[in-house]
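Student: Here you go, one structure.
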There are 2 protein chains.
Amino acid sequence: MKNNYYAVIMAGGVGSRFWPISTQEYPKQFHDMLGTGQTLIQRTFERIHQLVPSQNILIATNERYNELVLEQLPKVSQNQVLLEPAMRNTAPCILYAALKIHQQNPDAVMLVAPSDHWIENENEFINNIKTSFDTCAENDILMTLGIQPDSPNTGYGYIQFENGDSDIKKVKNFTEKPNLETAKKFLASGEYLWNAGIFVWSAKSIITAFENSLPDMLALFNQGNSVWNSDDEANFIKKNYAKSENISIDFGIMEKANNVHVLPVDFGWNDLGTWGSLYNKLDKKERQNAVVGAETIFRDARGNMVRTQSGKRVVIQGLQDFIVVEKEDVLLICPKSAEQDIKEITQEVKTNFGEDFV
Amino acid sequence: MKNNYYAVIMAGGVGSRFWPISTQEYPKQFHDMLGTGQTLIQRTFERIHQLVPSQNILIATNERYNELVLEQLPKVSQNQVLLEPAMRNTAPCILYAALKIHQQNPDAVMLVAPSDHWIENENEFINNIKTSFDTCAENDILMTLGIQPDSPNTGYGYIQFENGDSDIKKVKNFTEKPNLETAKKFLASGEYLWNAGIFVWSAKSIITAFENSLPDMLALFNQGNSVWNSDDEANFIKKNYAKSENISIDFGIMEKANNVHVLPVDFGWNDLGTWGSLYNKLDKKERQNAVVGAETIFRDARGNMVRTQSGKRVVIQGLQDFIVVEKEDVLLICPKSAEQDIKEITQEVKTNFGEDFV
């Protein structure tokens, strides 16, 4: 029997707030950020692979990371790697994946998920995805997973849902990164969930949604309907991809479609977007210091996030709540509270040290 | 004409407060601590060489550093390297040097100087040494150079002198590391100088002083009078050196002899004993940050001492008055105010990381 479960792992980002580990040359999803022996994309692949056959898992990424993907995911063949010749945000590459999957299997349901998130309870995650797959197989709806928020985080997008008896709720509204006051109100209302960028739909439904909301983009990619999964696909993409509008799936589709639903989930999620969020998810050594790679001596030092190449001996005295990250030719020392400055730092690094260092 | 000027560069110490750069394997005098392209012992050698012929400059060091000395000082031949088979403080190795020099030239005057100090005004230093040489050639006295103190430093020894018309003063008294109150009194009195461990005397006079104050030690080394500067010297030293009393030249000779004089000098001196004293002597980048080796970006960071392997890119944000030192497999981050803890840190490092790291 043909398996209808498909997945697209989104692996095109750079994760610049994880500088100096994450760089344009070697972004965070290809690093073992958690010190577990597996890179983030390897963990994501294995997690999804519990439900989706390996040959049905596509990886969407920038062409410069093609080799990294094939190297780190030996079960993935070249035809499963969607190479974006240009950065055009998420909508075009999801459409590309949907058309390619639909050509393989018109009954496909597909998961879209980031390559670099942290998920604690994998069983619950799998159950949630299975529920979503089966719902989307039967219904022409676009589903998103909504994370139960545990704080008024202003760095995430929020999903407002209509209360109802069903587990799966109709979505009323999306709000991008609210201010703190608004986020607090959202939390208090009990009607809001975090948008984790994890989507489920049938290939058919998402193509229909593009027809309704982004018809020009669909027309562009429909020109490739004869080449999907053939030797000519790569050429077609090279020639046409950059012509596409640069727009996110959230803004281009989800905020416009009227068949968007959300499944509230609580599997323990973190977007691993900053050193601080990574720190929160790591096991702690004495005095709340988190360490990846290094062997450490802490003296009057608490709450630090230390990451170095494996086996480096690090002695830290008198430092509280700092990020200390060392990678070959680069060392960063910076307060955890300033983690949002790291993007700005990478700009300075580019200017002062050159392109090669970011 | 035979040149009577000789020198002994003392290069047996480890400089453990400069960990992790200075280690037992590779002590600070063999490092380019100032980022000038020359190691400290190379600078010391070149400075003294302005006055003393290279073949008259001896290097006293532990046998394990023999290769380092020959490598870094190509003008020095093996016969000029005095290899201490055991740590016995300064008196025995100065006596060894004096006897060896006396055998070569009974009219020799000799300078004894540490290998790892910083001297700003080299011309003045040379003039002071010349004055001392010429005085000691004519007079049976032991001379020490006394640094004009500019602060009540409690880490140095102090020399009290008798006021008089002559440039060279008779010494009344030596005081090791006084407490702060005492040091302040010393400074106020105008009668005290810092003891920099820089001595000048004739070989004859210092041998006489040993005869008076440390006769057993002299008797031990006199057994070697037939072997100095011969192929048998090394063997004799190997067999007998460790039998010597373990005592400093200050305590064993200078505090006991009654012919000790001091030349007050002011050539800009620093013992480079700690990261903080090194920091004080380095040129500063923006916001009083001192940097050796690294290329740096400082953001809201002031007064730091940064040293890394050459070309390392370092970004420091939000750190004030810290020591940040990186060497291959080791990284130290520690407040400058805690520089005296570094000896204690090296003990912890030994216990936790092993002998190889200190």
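Ligands are numbered from 1 in the order shown, chains are lettered A, B, ... in the order of the structure tokens, and residues start at 1 in each chain.
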Any idea what's packed within 7 Å of Leu58 (chain A), counting only C-alpha atoms, ignoring anything in its chain fewer than 3 positions away? Could you give it as a VMD selection string?
Tutor: chain A and resid 7 to 9 80 to 82
Student: Take the residues from that selection and put them in a file with C-alpha atoms, as a tab-separated table (two decimals), in the first residue's frame.
Tutor:
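New file out_14.tsv:
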```tsv
chain	number	residue	atom	x	y	z
A	7	ALA	CA	7.01	15.70	5.30
A	8	VAL	CA	9.01	18.77	4.36
A	9	ILE	CA	11.81	19.78	6.70
A	80	GLN	CA	14.39	14.56	-1.85
A	81	VAL	CA	16.43	17.74	-1.47
A	82	LEU	CA	14.64	20.87	-2.65
```
Student: Taking only C-alpha atoms into account, what are the residues of chain B at most 6 Å from chain A, put as a CSV table (one decimal) with C-alpha atoms, in the first residue's frame?
Tutor:
```csv
chain,number,residue,atom,x,y,z
B,312,LYS,CA,41.9,34.8,16.9
B,313,ARG,CA,38.8,36.9,16.5
B,314,VAL,CA,37.4,37.9,19.9
B,315,VAL,CA,34.1,39.7,20.6
B,316,ILE,CA,33.6,40.9,24.1
B,317,GLN,CA,30.5,42.6,25.3
B,329,ASP,CA,43.3,23.9,24.5
B,330,VAL,CA,42.7,26.2,27.5
B,331,LEU,CA,40.6,29.3,28.1
B,332,LEU,CA,40.7,31.4,31.3
B,333,ILE,CA,38.2,34.2,32.1
B,334,CYS,CA,38.7,35.8,35.5
```
Student: Would you list, as a list of chain:residue names, the residues of region 245-303 of chain B that end up in alpha helix (DSSP H) under DSSP run on this structure's backbone?
Tutor: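 Alpha helix (DSSP H) members of region 245-303 of chain B, listed: B:Ile249, B:Trp275, B:Gly276, B:Ser277, B:Leu278, B:Tyr279, B:Asn280, B:Lys281.
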Student: Using only C-alpha atoms, which of B:Leu95, B:Glu339, B:Glu176, B:Ala113 sits nearest Phe221 (chain B)?
Tutor: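 Closest candidate: B:Leu95.
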Student: Write down as a ChimeraX atom specification the residues belonging to region 125-237 of chain B that are assigned strand (DSSP E) by DSSP computed on the backbone.
Tutor: /B:142-147,157-161,169-175,192-202
Student: What separation in Å, quoted to one decimal, exists between CA of Lys184 (chain B) and CA of Tyr158 (chain B)?
Tutor: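 Computed distance, CA of Lys184 (chain B) to CA of Tyr158 (chain B), equals 11.5 Å.
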Student: Find the residue from B:Met305, B:Ala98, B:Leu70, B:Ala86 that sits nearest to Asn225 (chain B); use only C-alpha atoms when measuring.
Tutor: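 Going through B:Met305, B:Ala98, B:Leu70, B:Ala86 one by one, the smallest distance to Asn225 (chain B) is for B:Ala98.
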Student: Tell me, in Å to one decimal, how far CA of Ile342 (chain A) is from CA of Tyr65 (chain A).
Tutor: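 For CA of Ile342 (chain A) relative to CA of Tyr65 (chain A), the distance reads 22.8 Å.
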Student: Write out as a PDB file with N, CA and C atoms, in the first residue's frame the residues lying within 8 Å of Asn195 (chain A), counting only C-alpha atoms and excluding same-chain residues fewer than 4 positions away.
Tutor:
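Just written: result20.pdb:
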```pdb
ATOM      1  N   THR A 144      -2.459  23.952  11.606  1.00  0.00           N
ATOM      2  CA  THR A 144      -1.216  24.382  12.231  1.00  0.00           C
ATOM      3  C   THR A 144      -1.213  23.854  13.655  1.00  0.00           C
ATOM      4  N   LEU A 145      -0.030  23.578  14.185  1.00  0.00           N
ATOM      5  CA  LEU A 145       0.046  23.146  15.575  1.00  0.00           C
ATOM      6  C   LEU A 145       0.263  24.375  16.440  1.00  0.00           C
ATOM      7  N   GLY A 146      -0.536  24.500  17.484  1.00  0.00           N
ATOM      8  CA  GLY A 146      -0.429  25.671  18.359  1.00  0.00           C
ATOM      9  C   GLY A 146       0.120  25.244  19.711  1.00  0.00           C
ATOM     10  N   ILE A 147       1.237  25.870  20.099  1.00  0.00           N
ATOM     11  CA  ILE A 147       1.894  25.492  21.354  1.00  0.00           C
ATOM     12  C   ILE A 147       1.226  26.206  22.530  1.00  0.00           C
ATOM     13  N   TYR A 156       7.518  35.414  19.679  1.00  0.00           N
ATOM     14  CA  TYR A 156       6.777  34.435  18.871  1.00  0.00           C
ATOM     15  C   TYR A 156       5.544  35.063  18.239  1.00  0.00           C
ATOM     16  N   GLY A 157       5.012  34.371  17.212  1.00  0.00           N
ATOM     17  CA  GLY A 157       3.708  34.712  16.687  1.00  0.00           C
ATOM     18  C   GLY A 157       2.624  34.010  17.504  1.00  0.00           C
ATOM     19  N   TYR A 158       1.430  34.616  17.580  1.00  0.00           N
ATOM     20  CA  TYR A 158       0.325  34.040  18.355  1.00  0.00           C
ATOM     21  C   TYR A 158      -0.843  33.690  17.433  1.00  0.00           C
ATOM     22  N   ILE A 159      -1.543  32.624  17.775  1.00  0.00           N
ATOM     23  CA  ILE A 159      -2.717  32.165  17.022  1.00  0.00           C
ATOM     24  C   ILE A 159      -3.926  32.266  17.948  1.00  0.00           C
TER      25      ILE A 159
END
```
Student: How many Å lie between CA of Val171 (chain A) and CA of Ile249 (chain A), rounded to one decimal?
Tutor: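 If I compute the distance from CA of Val171 (chain A) to CA of Ile249 (chain A), I get 15.3 Å.
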Student: With only C-alpha atoms as the counted atoms, please give the residues lying no more than 7 Å from region 25-27 of chain B, apart from itself and same-chain residues fewer than 2 positions off, as a list in words.
Tutor: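 Near region 25-27 of chain B, the qualifying residues are Val14, Gly15, Ser22, Thr23, Gln29 and Phe30 of chain B.
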Student: Calculated over only C-alpha atoms, which of the candidates B:Asp216, B:Asp321, B:Asp107, B:Glu84 has the smallest distance to Phe133 (chain B)?
Tutor: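 Smallest separation from Phe133 (chain B) among the options: B:Asp107.
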Student: For Glu211 (chain B), which residue among B:Arg47, B:Lys100, B:Lys256, B:Lys343 is the nearest when counting only C-alpha atoms?
Tutor: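 Counting only C-alpha atoms, the residue closest to Glu211 (chain B) is B:Lys256.
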